[in-house]
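Raw contents of final17.txt, compact mmCIF, C-alpha atoms:
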```txt
# COMPACT_ATOMS: atom_id res chain seq x y z
CA MET A 1 99.79 119.78 106.62
CA SER A 2 98.05 122.91 107.92
CA GLN A 3 99.65 125.06 110.61
CA PRO A 4 97.24 123.98 113.43
CA GLU A 5 97.87 120.29 112.66
CA LEU A 6 101.63 120.80 112.85
CA LEU A 7 101.65 123.10 115.90
CA TYR A 8 98.98 121.48 118.04
CA VAL A 9 99.04 117.83 117.01
CA GLU A 10 102.00 116.55 114.99
CA GLN A 11 104.86 118.45 116.65
CA PRO A 12 103.73 117.70 120.25
CA ALA A 13 103.37 114.02 119.26
CA LEU A 14 106.92 113.95 117.86
CA ASP A 15 108.27 115.75 120.94
CA GLN A 16 106.58 113.29 123.30
CA LEU A 17 107.74 110.26 121.30
CA GLN A 18 111.33 111.51 121.48
CA LYS A 19 111.03 112.10 125.21
CA ASN A 20 109.85 108.49 125.54
CA GLY A 21 112.77 106.91 123.70
CA TRP A 22 112.12 107.27 119.96
CA SER A 23 114.73 108.82 117.66
CA TYR A 24 113.44 111.28 115.07
CA ARG A 25 114.14 111.90 111.38
CA ASP A 26 112.42 114.20 108.90
CA GLY A 27 110.81 112.11 106.16
CA ARG A 28 112.24 114.35 103.44
CA GLU A 29 115.66 112.94 104.32
CA PHE A 30 114.48 109.57 103.01
CA ALA A 31 114.01 110.67 99.41
CA PRO A 32 116.02 108.18 97.28
CA GLU A 33 118.18 110.98 95.86
CA THR A 34 119.06 112.19 99.40
CA LEU A 35 120.12 109.01 101.20
CA ASP A 36 121.17 105.49 100.21
CA ILE A 37 118.54 104.00 102.55
CA ARG A 38 115.86 103.70 99.84
CA SER A 39 116.39 102.91 96.19
CA SER A 40 112.87 104.09 95.35
CA LEU A 41 109.80 105.72 96.92
CA LYS A 42 108.07 102.34 96.60
CA GLU A 43 110.27 100.92 99.39
CA VAL A 44 108.49 101.02 102.76
CA VAL A 45 111.05 99.07 104.82
CA LEU A 46 114.28 100.85 105.78
CA ILE A 47 116.45 97.98 104.58
CA PRO A 48 119.86 99.11 105.97
CA ASN A 49 118.26 99.63 109.41
CA LEU A 50 116.65 96.18 109.25
CA GLN A 51 119.94 94.56 108.16
CA GLN A 52 121.81 96.17 111.06
CA ALA A 53 119.12 95.09 113.54
CA ILE A 54 119.08 91.47 112.33
CA LYS A 55 122.88 91.26 112.63
CA ARG A 56 122.78 92.89 116.07
CA ILE A 57 120.10 90.51 117.40
CA ASN A 58 121.40 87.42 115.54
CA PRO A 59 125.19 87.98 115.39
CA TRP A 60 125.81 84.46 114.03
CA ILE A 61 123.80 84.94 110.82
CA SER A 62 125.58 84.50 107.48
CA GLU A 63 125.38 87.11 104.72
CA GLU A 64 123.53 84.62 102.52
CA ASN A 65 120.87 84.00 105.17
CA LEU A 66 120.64 87.72 105.91
CA ARG A 67 119.81 88.33 102.24
CA LYS A 68 117.20 85.54 102.34
CA ILE A 69 115.46 87.03 105.38
CA ILE A 70 115.43 90.52 103.83
CA ARG A 71 113.88 89.06 100.68
CA TYR A 72 111.19 87.20 102.66
CA ILE A 73 110.30 90.41 104.51
CA THR A 74 110.29 92.82 101.59
CA VAL A 75 108.50 90.54 99.09
CA ILE A 76 105.62 89.01 101.07
CA GLN A 77 103.95 86.31 98.98
CA THR A 78 100.26 86.55 99.91
CA SER A 79 97.14 87.61 98.04
CA THR A 80 95.42 89.93 100.54
CA LEU A 81 96.43 92.63 103.01
CA MET A 82 95.10 90.63 105.96
CA GLU A 83 97.03 87.51 104.93
CA ALA A 84 100.23 89.54 104.54
CA ASN A 85 99.68 91.31 107.85
CA GLN A 86 99.05 88.08 109.75
CA TRP A 87 102.03 86.34 108.13
CA PHE A 88 104.29 89.23 109.10
CA TRP A 89 102.95 89.42 112.68
CA GLU A 90 103.65 85.69 113.06
CA ARG A 91 107.20 86.22 111.79
CA ILE A 92 107.96 88.98 114.29
CA THR A 93 106.36 87.24 117.27
CA GLN A 94 107.07 83.57 116.46
CA TYR A 95 110.27 84.18 114.48
CA PHE A 96 111.88 82.64 111.39
CA SER A 97 113.71 79.34 111.20
CA ILE A 98 116.59 79.23 108.76
CA GLU A 99 119.20 76.53 108.13
CA GLN A 100 122.78 77.36 109.00
CA ASP A 101 125.81 75.48 110.31
CA LEU A 102 127.00 76.97 113.60
CA GLY A 103 129.61 74.24 114.12
CA LYS A 104 127.40 71.18 114.64
CA GLY A 105 126.10 70.67 111.10
CA ARG A 106 123.30 72.42 109.22
CA ARG A 107 120.18 72.76 111.32
CA GLY A 108 117.29 75.18 111.78
CA GLN A 109 118.30 78.34 113.62
CA THR A 110 115.87 80.90 115.05
CA VAL A 111 116.08 84.39 113.55
CA LYS A 112 114.49 87.29 115.42
CA LEU A 113 113.59 90.59 113.74
CA ILE A 114 112.75 92.24 117.08
CA ASP A 115 114.34 91.61 120.47
CA PHE A 116 111.35 91.45 122.83
CA GLU A 117 113.51 90.45 125.81
CA ASN A 118 116.05 93.28 125.56
CA ILE A 119 114.13 96.40 124.48
CA GLN A 120 117.32 98.49 124.20
CA ASN A 121 118.61 96.13 121.50
CA ASN A 122 116.06 97.57 119.03
CA GLU A 123 115.98 100.82 117.08
CA PHE A 124 112.86 102.99 117.56
CA LEU A 125 112.49 105.73 114.95
CA CYS A 126 109.61 108.15 114.35
CA VAL A 127 109.53 109.82 110.93
CA ASN A 128 107.14 112.52 109.76
CA GLN A 129 106.04 113.26 106.19
CA PHE A 130 107.54 110.02 104.79
CA LYS A 131 106.53 109.87 101.11
CA VAL A 132 105.53 106.48 99.68
CA LYS A 133 104.71 105.76 96.04
CA GLY A 134 101.54 103.73 95.61
CA PRO A 135 100.29 102.11 92.39
CA ILE A 136 98.39 105.25 91.35
CA GLN A 137 99.51 108.11 93.60
CA ASN A 138 101.89 109.01 96.42
CA ILE A 139 100.82 109.02 100.05
CA ILE A 140 102.49 110.97 102.87
CA PRO A 141 101.40 109.76 106.34
CA ASP A 142 101.98 112.32 109.09
CA ILE A 143 104.05 110.03 111.36
CA ILE A 144 105.36 106.50 110.79
CA LEU A 145 106.79 104.49 113.68
CA PHE A 146 109.67 102.27 112.55
CA VAL A 147 111.11 99.52 114.74
CA ASN A 148 114.35 98.12 113.29
CA GLY A 149 113.39 99.69 109.95
CA LEU A 150 109.94 98.04 109.91
CA PRO A 151 106.93 100.43 109.63
CA LEU A 152 104.83 99.13 112.54
CA GLY A 153 102.68 102.18 113.33
CA VAL A 154 101.04 105.07 111.47
CA ILE A 155 99.68 108.23 113.12
CA GLU A 156 97.42 110.61 111.23
CA CYS A 157 97.17 114.11 112.73
CA LYS A 158 94.24 116.44 112.09
CA SER A 159 93.62 120.00 113.17
CA PRO A 160 91.28 120.20 116.19
CA TYR A 161 89.54 123.10 114.44
CA VAL A 162 88.15 121.30 111.37
CA THR A 163 84.74 119.61 111.13
CA ASP A 164 84.79 115.97 112.32
CA PRO A 165 88.60 115.71 112.62
CA MET A 166 88.48 112.15 114.00
CA GLU A 167 86.39 110.91 111.09
CA ALA A 168 88.70 112.72 108.66
CA GLY A 169 91.79 111.12 110.22
CA ILE A 170 90.40 107.58 110.17
CA ASN A 171 89.15 108.09 106.62
CA GLN A 172 92.67 109.14 105.62
CA LEU A 173 94.18 106.03 107.24
CA LEU A 174 91.70 103.80 105.40
CA ARG A 175 92.59 105.55 102.14
CA TYR A 176 96.32 105.11 102.75
CA ALA A 177 95.85 101.38 103.39
CA ASN A 178 93.64 101.08 100.30
CA LEU A 179 90.80 99.80 102.50
CA ARG A 180 88.25 102.45 101.54
CA ASN A 181 87.86 101.67 97.83
CA PRO A 182 90.27 98.78 97.10
CA GLU A 183 89.37 98.68 93.41
CA ILE A 184 90.60 102.28 92.95
CA ASN A 185 94.09 101.54 94.34
CA GLU A 186 94.13 104.98 95.95
CA GLY A 187 96.65 104.14 98.69
CA CYS A 188 99.67 101.92 99.25
CA GLN A 189 98.70 98.54 100.71
CA LYS A 190 102.36 97.48 100.94
CA LEU A 191 103.04 99.92 103.79
CA PHE A 192 100.26 98.30 105.83
CA ASN A 193 101.47 94.73 105.33
CA TYR A 194 103.66 95.53 108.35
CA ASN A 195 101.28 97.72 110.32
CA GLN A 196 100.40 96.90 113.93
CA LEU A 197 98.63 100.10 115.04
CA MET A 198 96.71 102.79 113.15
CA ILE A 199 96.17 105.99 115.14
CA SER A 200 94.06 109.05 114.38
CA SER A 201 94.54 112.11 116.57
CA HIS A 202 93.43 115.71 116.76
CA ARG A 203 95.01 116.28 120.20
CA ASP A 204 91.83 116.32 122.29
CA ASP A 205 90.76 112.93 120.95
CA ALA A 206 93.19 110.21 119.88
CA ARG A 207 92.06 106.70 118.94
CA VAL A 208 93.71 103.49 117.87
CA GLY A 209 92.64 100.65 115.60
CA THR A 210 94.05 97.91 113.37
CA ILE A 211 93.86 97.25 109.63
CA SER A 212 90.45 95.57 110.08
CA SER A 213 88.88 98.21 112.36
CA PRO A 214 85.82 100.07 111.08
CA TYR A 215 85.33 103.62 112.35
CA GLU A 216 83.39 102.60 115.49
CA TYR A 217 86.21 100.27 116.62
CA TYR A 218 88.83 102.99 116.75
CA LEU A 219 88.98 103.50 120.50
CA GLU A 220 90.52 105.92 122.94
CA TRP A 221 93.39 104.79 125.18
CA LYS A 222 92.28 106.36 128.46
CA ASP A 223 95.03 105.35 130.88
CA PRO A 224 98.78 106.11 130.62
CA PHE A 225 99.60 103.08 132.84
CA PRO A 226 102.18 102.45 134.22
CA THR A 227 102.60 106.26 134.31
CA GLU A 228 100.21 108.17 136.57
CA LYS A 229 98.04 110.78 134.80
CA SER A 230 99.31 113.43 137.23
CA GLU A 231 102.85 112.92 135.87
CA LEU A 232 101.69 114.24 132.49
CA GLY A 233 100.80 117.65 133.92
CA GLU A 234 97.46 119.26 134.58
CA ASN A 235 94.59 117.90 132.46
CA PRO A 236 96.63 115.89 129.91
CA ASN A 237 94.87 115.55 126.56
CA SER A 238 93.83 112.31 124.85
CA GLN A 239 96.87 112.29 122.56
CA GLN A 240 99.32 112.63 125.46
CA ILE A 241 97.64 109.78 127.34
CA LEU A 242 97.64 107.49 124.29
CA ILE A 243 101.30 108.11 123.47
CA GLU A 244 102.33 107.62 127.10
CA GLY A 245 100.30 104.45 127.63
CA LEU A 246 100.62 102.78 124.25
CA LEU A 247 103.68 104.07 122.38
CA LYS A 248 106.51 103.93 124.88
CA PRO A 249 108.85 101.31 123.35
CA LYS A 250 108.23 98.70 126.07
CA GLN A 251 104.42 99.04 125.91
CA PHE A 252 104.41 99.21 122.11
CA LEU A 253 106.26 95.90 121.81
CA ASP A 254 104.19 94.34 124.61
CA ILE A 255 100.93 95.15 122.77
CA ILE A 256 102.31 93.65 119.55
CA GLN A 257 103.68 90.49 121.15
CA ASN A 258 101.15 89.70 123.87
CA PHE A 259 97.93 91.66 123.27
CA THR A 260 97.23 91.16 119.55
CA ILE A 261 95.09 88.37 118.10
CA PHE A 262 93.66 87.35 114.72
CA GLU A 263 90.19 85.80 114.95
CA VAL A 264 87.84 84.48 112.29
CA GLU A 265 84.29 85.85 112.54
CA ASP A 266 81.66 84.93 109.93
CA GLY A 267 84.38 83.65 107.63
CA ARG A 268 86.38 86.89 107.85
CA THR A 269 89.67 87.38 109.71
CA ILE A 270 89.61 90.23 112.22
CA LYS A 271 92.73 91.68 113.82
CA LYS A 272 92.22 92.87 117.40
CA ILE A 273 94.33 94.53 120.06
CA ALA A 274 93.51 94.72 123.76
CA ARG A 275 91.71 97.77 125.10
CA TYR A 276 93.47 99.88 127.70
CA GLN A 277 91.61 98.28 130.64
CA GLN A 278 92.58 94.77 129.43
CA PHE A 279 96.20 95.87 129.08
```
Take the structure from the file and write it as structure tokens.
Amino acid sequence: MSQPELLYVEQPALDQLQKNGWSYRDGREFAPETLDIRSSLKEVVLIPNLQQAIKRINPWISEENLRKIIRYITVIQTSTLMEANQWFWERITQYFSIEQDLGKGRRGQTVKLIDFENIQNNEFLCVNQFKVKGPIQNIIPDIILFVNGLPLGVIECKSPYVTDPMEAGINQLLRYANLRNPEINEGCQKLFNYNQLMISSHRDDARVGTISSPYEYYLEWKDPFPTEKSELGENPNSQQILIEGLLKPKQFLDIIQNFTIFEVEDGRTIKKIARYQQF
């Protein structure tokens, strides 16, 4: 992380996220030897946070069923990143069904990982410099957005003073997700099993895509709706507008639940989110 990236891009993003309702932790605190939250750098889900959230949202759940749900979430049984990502999106938006006796015999009960009705019932946490161990090498995304311990967003920050910073940021995201050269295993696909938004920013230009977006489909979010642009100060930059319009907790969950689709085109599954004018 160079000084311009930190001063002009990453730190302002973290400050704005906190102002909009996200808690903040330094990723170095999540080294396995520092906290009990992770047993290894390979873990991408903050399991204690997820356990607490599941119990908070589903207070009836038994310890046995809680362990089952955690196992389903942390060991996703699919063969490709897109299959894993779609399976997980369906679980957070359409929920789990798990058998438990709540007094009227064993029957299927609905388990929610995210409370879309009561936004305040969720934990929103932004973490910078969170190290993850991939099959070959470690990756350290600039900012990861965790909801209830689930890594739903990744933001890559680049200095506005380097050549082609947007291309460099998107290229880095593709490398992290192991989408650039899958056979090399240069990233950590597991982190992106859960990903809903991939964002590249160099302050003056910030764009968002999904795990299936090629470079040209990373798009700017040009409207901070429902906030007025004037409320962001004089001449707000692209990053400020994107964070305000897309990453406030309510909007972030709304995009995930109501404005995300998986479509098959030419035999290939594509993940799409609405553009700002559709939202």
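The residue that comes closest to A:Ile73, out of A:Lys190, A:Lys42, A:Lys104, A:Lys133 and on the basis of only C-alpha atoms, is A:Lys190.
Counting from atom CA of A:Asn128, the distance to atom CA of A:Asp15 is 11.7 Å.
Put simply, atom CA of A:Ile47 is 23.4 Å away from atom CA of A:Lys248.
You will find atom CA of A:Gln77 at 13.2 Å from atom CA of A:Arg91.
Each of A:Gly27, A:Gly187, A:Gly108, A:Gly134 was compared to A:Ile61 using only C-alpha atoms, and A:Gly108 turns out to be the nearest.
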### Message
Counting all atoms listed in the file, I want the residues whose atoms come within 6 Å of (98.0, 96.1, 115.3) in the file frame, returned as a ChimeraX atom specification.
### Response
/A:196-197,210
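Across A:Leu253, A:Ile243, A:Cys188, A:Leu14, the tightest approach to A:Gln137 is made by A:Cys188 when counting only C-alpha atoms.
Remark: for A:Gln251, the closest of the candidate residues A:Phe279, A:Tyr215, A:Tyr176, A:Phe30 is A:Phe279 (distances computed over only C-alpha atoms).
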Give one line per residue of stretch 66-161 of chain A that approaches stretch 224-240 of chain A to at most 12 Å, naming the two atoms of the closest pair and their distance in Å to one decimal, counting all atoms listed in the file; sort by chain then ascending residue number and deliver it as a Markdown table.
```
| residue | atom | partner | partner_atom | distance |
| --- | --- | --- | --- | --- |
| A:Ile155 | CA | A:Gln239 | CA | 10.7 |
| A:Glu156 | CA | A:Gln239 | CA | 11.5 |
| A:Cys157 | CA | A:Gln239 | CA | 10.0 |
| A:Lys158 | CA | A:Gln239 | CA | 11.6 |
| A:Pro160 | CA | A:Gln239 | CA | 11.6 |
```
Those same residues - C-alpha atoms - I'd like them written as a short mmCIF file (atom, residue, chain, number, x, y, z; two decimals), keeping the file's coordinate frame.
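Listing of part13.cif after writing:
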```cif
data_model
loop_
_atom_site.label_atom_id
_atom_site.label_comp_id
_atom_site.auth_asym_id
_atom_site.auth_seq_id
_atom_site.Cartn_x
_atom_site.Cartn_y
_atom_site.Cartn_z
CA ILE A 155 99.68 108.23 113.12
CA GLU A 156 97.42 110.61 111.23
CA CYS A 157 97.17 114.11 112.73
CA LYS A 158 94.24 116.44 112.09
CA PRO A 160 91.28 120.20 116.19
#
```
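With all atoms listed in the file taken into account, the protein and nucleic acid residues at most 8 Å from A:Gln109 (excluding it and anything under 3 positions from it in its own chain) are Ser97, Ile98, Glu99 and Gln100 of chain A.
Comparing A:Lys112, A:Arg107, A:Ser39, A:Cys126 by their smallest distance to A:Asn20, the closest is A:Cys126 (using only C-alpha atoms).
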### Task
With a distance cut-off of 10 Å and all atoms listed in the file, select the neighbouring residues of A:Asn58, excluding the residue or stretch itself and same-chain residues fewer than 5 positions from it, and output the selection as a list in words.
Gln52, Ala53, Leu66, Gln109, Thr110, Val111, Lys112, Leu113 and Asp115 of chain A
Write out the residues from the selection above, keeping C-alpha atoms, as a compact mmCIF listing (two decimals), in the coordinates of the input.
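Produced file result_35.txt, reproduced below:
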```txt
# COMPACT_ATOMS: atom_id res chain seq x y z
CA GLN A 52 121.81 96.17 111.06
CA ALA A 53 119.12 95.09 113.54
CA LEU A 66 120.64 87.72 105.91
CA GLN A 109 118.30 78.34 113.62
CA THR A 110 115.87 80.90 115.05
CA VAL A 111 116.08 84.39 113.55
CA LYS A 112 114.49 87.29 115.42
CA LEU A 113 113.59 90.59 113.74
CA ASP A 115 114.34 91.61 120.47
```
### Task
Mind checking which residues fall within 10 Å of A:Leu145, counting all atoms listed in the file, ignoring those fewer than 4 positions away in the same chain, and posting them as a list in words?
Leu17, Trp22, Ser23, Tyr24, Phe124, Leu125, Cys126, Val127, Asn128, Gly149, Leu150, Pro151, Leu152, Gly153, Val154, Ile155, Asn195, Gln196, Leu197 and Leu247 of chain A
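Residues with at least one atom no more than 9 Å from (94.0, 105.9, 121.0), using only C-alpha atoms, are Met198, Ile199, Ser200, Ser201, Asp205, Ala206, Arg207, Val208, Gly209, Tyr218, Leu219, Glu220, Trp221, Lys222, Ser238, Gln239, Ile241, Leu242, Ile243 and Leu246 of chain A.
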### Query
For A:Ala84, which of A:Val9, A:Gln129, A:Lys55, A:Tyr72 is the closest residue, counting all atoms listed in the file?
A:Tyr72
### Spatial neighbours of A:Ala168, max dist 10 Å, only C-alpha atoms, sep filter under 2 positions, as a VMD selection string
chain A and resid 156 to 159 162 to 166 170 to 174 200 to 202
